[in-house]
Amino acid sequence: MQIKRLKLSGFKSFVEPAELRIEPGLTGVVGPNGCGKSNVLEAIRWVMGESSPKSMRGSGMDDVIFAGTASRPARDFAEVSLLVERFAEDLPGDLGVSQHGDVEVTRRIERGAGSAYRVNGRDVRAKDVALLFADAATGAHSPALVSQGKISAVIAAKPTERRLMLEEAAGIAGLHVRRKDAEGK
Ligand code: ATP
Ligand code: MG
């Protein structure tokens, strides 16, 4: 799976609709402190299904919605779309989308009303999105997405915490999602 484009609107500091194209090769996001670089990575994790406000540096899920500034009113929704190209070796999930080719996943949250997902414009469940990304390389808890401060957290972790991190890195987190689905939970 390869990320090709990220669209944000009303997400954290991205109050106006913004689009980031990710071309093959190395992409760098540079800018002064507080300009929103970490928010870009958080948007990718969020659209893949992140459900912990704390790991999005907030106290509630509505905190991802643009909160307003002295000169701009707050927004009442946030929306992030991620365009990915799926390859033959990617697991199909169960969304009726073709096994390879471009797939656009969208998550939208409305203040006080929770969030909803779409895949290629069709309403889907959070679980469907979790399954779509349920392999070791992608998903909200993918070890490929290393947030700021995570390296020092690994160094400072207790052995039991470090084991959990290694299980995630080994792809066991993805297996847990599929097992729960198979058990109908
Ligand atoms: P650094 O270089 O220090 O790591 P950064 O480029 O990673 O900075 P971010 O942490 O992504 O910056 O962005 C922080 C900015 O996002 C802050 O200015 C913060 O006020 C803003 N921000 C976060 N959440 C919201 C929100 N809900 N509404 C408005 N602005 C927000
Ligand atoms: Mg940062």
# chains A, B, ... in the order shown; residues from 1 in each chain; ligands from 1
call {"tool": "residues_around", "arguments": {"residues": "A:Asp62", "least_positions_apart": "4", "cutoff": "8 Å", "atoms": "only C-alpha atoms", "output": "PyMOL selection string"}}
result
chain A and resi 109-112+114
call {"tool": "select_by_dssp", "arguments": {"residues": "stretch 88-174 of chain A", "states": "strand (DSSP E)", "output": "list in words"}}
result
Gly101, Asp102, Val103, Glu104, Val105, Thr106, Arg107, Arg108, Ile109, Glu110, Gly114, Ser115, Ala116, Tyr117, Arg118, Val119, Arg122, Asp123 and Val124 of chain A
call {"tool": "closest_atom_pairs", "arguments": {"of": "chain A", "to": "ligand 1", "cutoff": "9 Å", "atoms": "only C-alpha atoms and all ligand atoms", "output": "tab-separated table"}}
result
residue	atom	partner	partner_atom_place_in_ligand_line	distance
A:Gly10	CA	ligand 1	28 (N)	8.0
A:Phe11	CA	ligand 1	27 (N)	6.8
A:Lys12	CA	ligand 1	26 (C)	3.6
A:Ser13	CA	ligand 1	30 (N)	3.9
A:Phe14	CA	ligand 1	30 (N)	7.5
A:Val15	CA	ligand 1	29 (C)	7.4
A:Val29	CA	ligand 1	6 (O)	8.7
A:Val30	CA	ligand 1	6 (O)	7.7
A:Gly31	CA	ligand 1	6 (O)	6.2
A:Pro32	CA	ligand 1	2 (O)	5.8
A:Asn33	CA	ligand 1	2 (O)	3.5
A:Gly34	CA	ligand 1	12 (O)	3.4
A:Cys35	CA	ligand 1	6 (O)	4.1
A:Gly36	CA	ligand 1	11 (O)	3.1
A:Lys37	CA	ligand 1	6 (O)	3.6
A:Ser38	CA	ligand 1	11 (O)	3.5
A:Asn39	CA	ligand 1	11 (O)	3.8
A:Val40	CA	ligand 1	11 (O)	6.6
A:Leu41	CA	ligand 1	11 (O)	8.1
A:Glu42	CA	ligand 1	11 (O)	8.1
A:Met56	CA	ligand 1	24 (N)	9.0
A:Arg57	CA	ligand 1	24 (N)	8.1
A:Gly58	CA	ligand 1	24 (N)	7.8
A:Asp62	CA	ligand 1	27 (N)	7.8
A:Asp63	CA	ligand 1	27 (N)	4.9
A:Val64	CA	ligand 1	27 (N)	4.7
A:Ile65	CA	ligand 1	27 (N)	4.7
A:Phe66	CA	ligand 1	28 (N)	3.5
A:Ala67	CA	ligand 1	28 (N)	3.7
A:Gly68	CA	ligand 1	29 (C)	5.7
A:Thr69	CA	ligand 1	29 (C)	7.1
A:Ala74	CA	ligand 1	28 (N)	7.5
A:Arg75	CA	ligand 1	28 (N)	8.6
A:Gln148	CA	ligand 1	4 (O)	7.1
call {"tool": "closest_residue", "arguments": {"among": "A:Val146, A:Met48, A:Val105, A:Ala113", "to": "ligand 2", "atoms": "only C-alpha atoms and all ligand atoms"}}
result
A:Val146
call {"tool": "select_by_dssp", "arguments": {"residues": "chain A", "states": "helix (DSSP H, G or I)", "output": "ChimeraX atom specification"}}
result
/A:37-47,54-56,61-64,126-132,150-156,159-169,172-182
call {"tool": "decode", "arguments": {"residues": "stretch 45-60 of chain A", "atoms": "N, CA and C atoms", "output": "PDB file, in the first residue's frame"}}
result
ATOM      1  N   ARG A  45      -2.782   9.120  10.899  1.00  0.00           N
ATOM      2  CA  ARG A  45      -3.172   8.097  11.886  1.00  0.00           C
ATOM      3  C   ARG A  45      -4.671   8.161  12.164  1.00  0.00           C
ATOM      4  N   TRP A  46      -5.210   9.384  12.203  1.00  0.00           N
ATOM      5  CA  TRP A  46      -6.630   9.563  12.543  1.00  0.00           C
ATOM      6  C   TRP A  46      -7.525   8.957  11.470  1.00  0.00           C
ATOM      7  N   VAL A  47      -7.228   9.223  10.198  1.00  0.00           N
ATOM      8  CA  VAL A  47      -8.083   8.704   9.119  1.00  0.00           C
ATOM      9  C   VAL A  47      -7.974   7.177   9.040  1.00  0.00           C
ATOM     10  N   MET A  48      -6.858   6.621   9.518  1.00  0.00           N
ATOM     11  CA  MET A  48      -6.704   5.157   9.553  1.00  0.00           C
ATOM     12  C   MET A  48      -7.408   4.546  10.761  1.00  0.00           C
ATOM     13  N   GLY A  49      -8.003   5.396  11.613  1.00  0.00           N
ATOM     14  CA  GLY A  49      -8.842   4.842  12.678  1.00  0.00           C
ATOM     15  C   GLY A  49      -8.373   5.089  14.100  1.00  0.00           C
ATOM     16  N   GLU A  50      -7.393   5.964  14.303  1.00  0.00           N
ATOM     17  CA  GLU A  50      -6.932   6.217  15.678  1.00  0.00           C
ATOM     18  C   GLU A  50      -8.126   6.576  16.574  1.00  0.00           C
ATOM     19  N   SER A  51      -8.228   5.895  17.713  1.00  0.00           N
ATOM     20  CA  SER A  51      -9.386   6.155  18.574  1.00  0.00           C
ATOM     21  C   SER A  51      -8.987   6.707  19.937  1.00  0.00           C
ATOM     22  N   SER A  52      -7.698   6.943  20.140  1.00  0.00           N
ATOM     23  CA  SER A  52      -7.266   7.466  21.431  1.00  0.00           C
ATOM     24  C   SER A  52      -6.982   8.969  21.332  1.00  0.00           C
ATOM     25  N   PRO A  53      -7.811   9.804  22.005  1.00  0.00           N
ATOM     26  CA  PRO A  53      -7.570  11.252  21.945  1.00  0.00           C
ATOM     27  C   PRO A  53      -6.186  11.616  22.475  1.00  0.00           C
ATOM     28  N   LYS A  54      -5.739  10.839  23.470  1.00  0.00           N
ATOM     29  CA  LYS A  54      -4.448  11.149  24.091  1.00  0.00           C
ATOM     30  C   LYS A  54      -3.309  11.035  23.075  1.00  0.00           C
ATOM     31  N   SER A  55      -3.374  10.002  22.229  1.00  0.00           N
ATOM     32  CA  SER A  55      -2.291   9.863  21.258  1.00  0.00           C
ATOM     33  C   SER A  55      -2.427  10.879  20.129  1.00  0.00           C
ATOM     34  N   MET A  56      -3.551  11.634  20.120  1.00  0.00           N
ATOM     35  CA  MET A  56      -3.680  12.755  19.187  1.00  0.00           C
ATOM     36  C   MET A  56      -3.399  14.069  19.933  1.00  0.00           C
ATOM     37  N   ARG A  57      -2.811  13.975  21.105  1.00  0.00           N
ATOM     38  CA  ARG A  57      -2.484  15.130  21.949  1.00  0.00           C
ATOM     39  C   ARG A  57      -3.725  15.952  22.313  1.00  0.00           C
ATOM     40  N   GLY A  58      -4.837  15.260  22.563  1.00  0.00           N
ATOM     41  CA  GLY A  58      -6.055  15.962  22.972  1.00  0.00           C
ATOM     42  C   GLY A  58      -6.662  15.267  24.175  1.00  0.00           C
ATOM     43  N   SER A  59      -7.745  15.854  24.737  1.00  0.00           N
ATOM     44  CA  SER A  59      -8.402  15.179  25.854  1.00  0.00           C
ATOM     45  C   SER A  59      -9.710  14.533  25.409  1.00  0.00           C
ATOM     46  N   GLY A  60     -10.249  14.954  24.265  1.00  0.00           N
ATOM     47  CA  GLY A  60     -11.446  14.322  23.708  1.00  0.00           C
ATOM     48  C   GLY A  60     -11.306  14.316  22.202  1.00  0.00           C
TER      49      GLY A  60
END
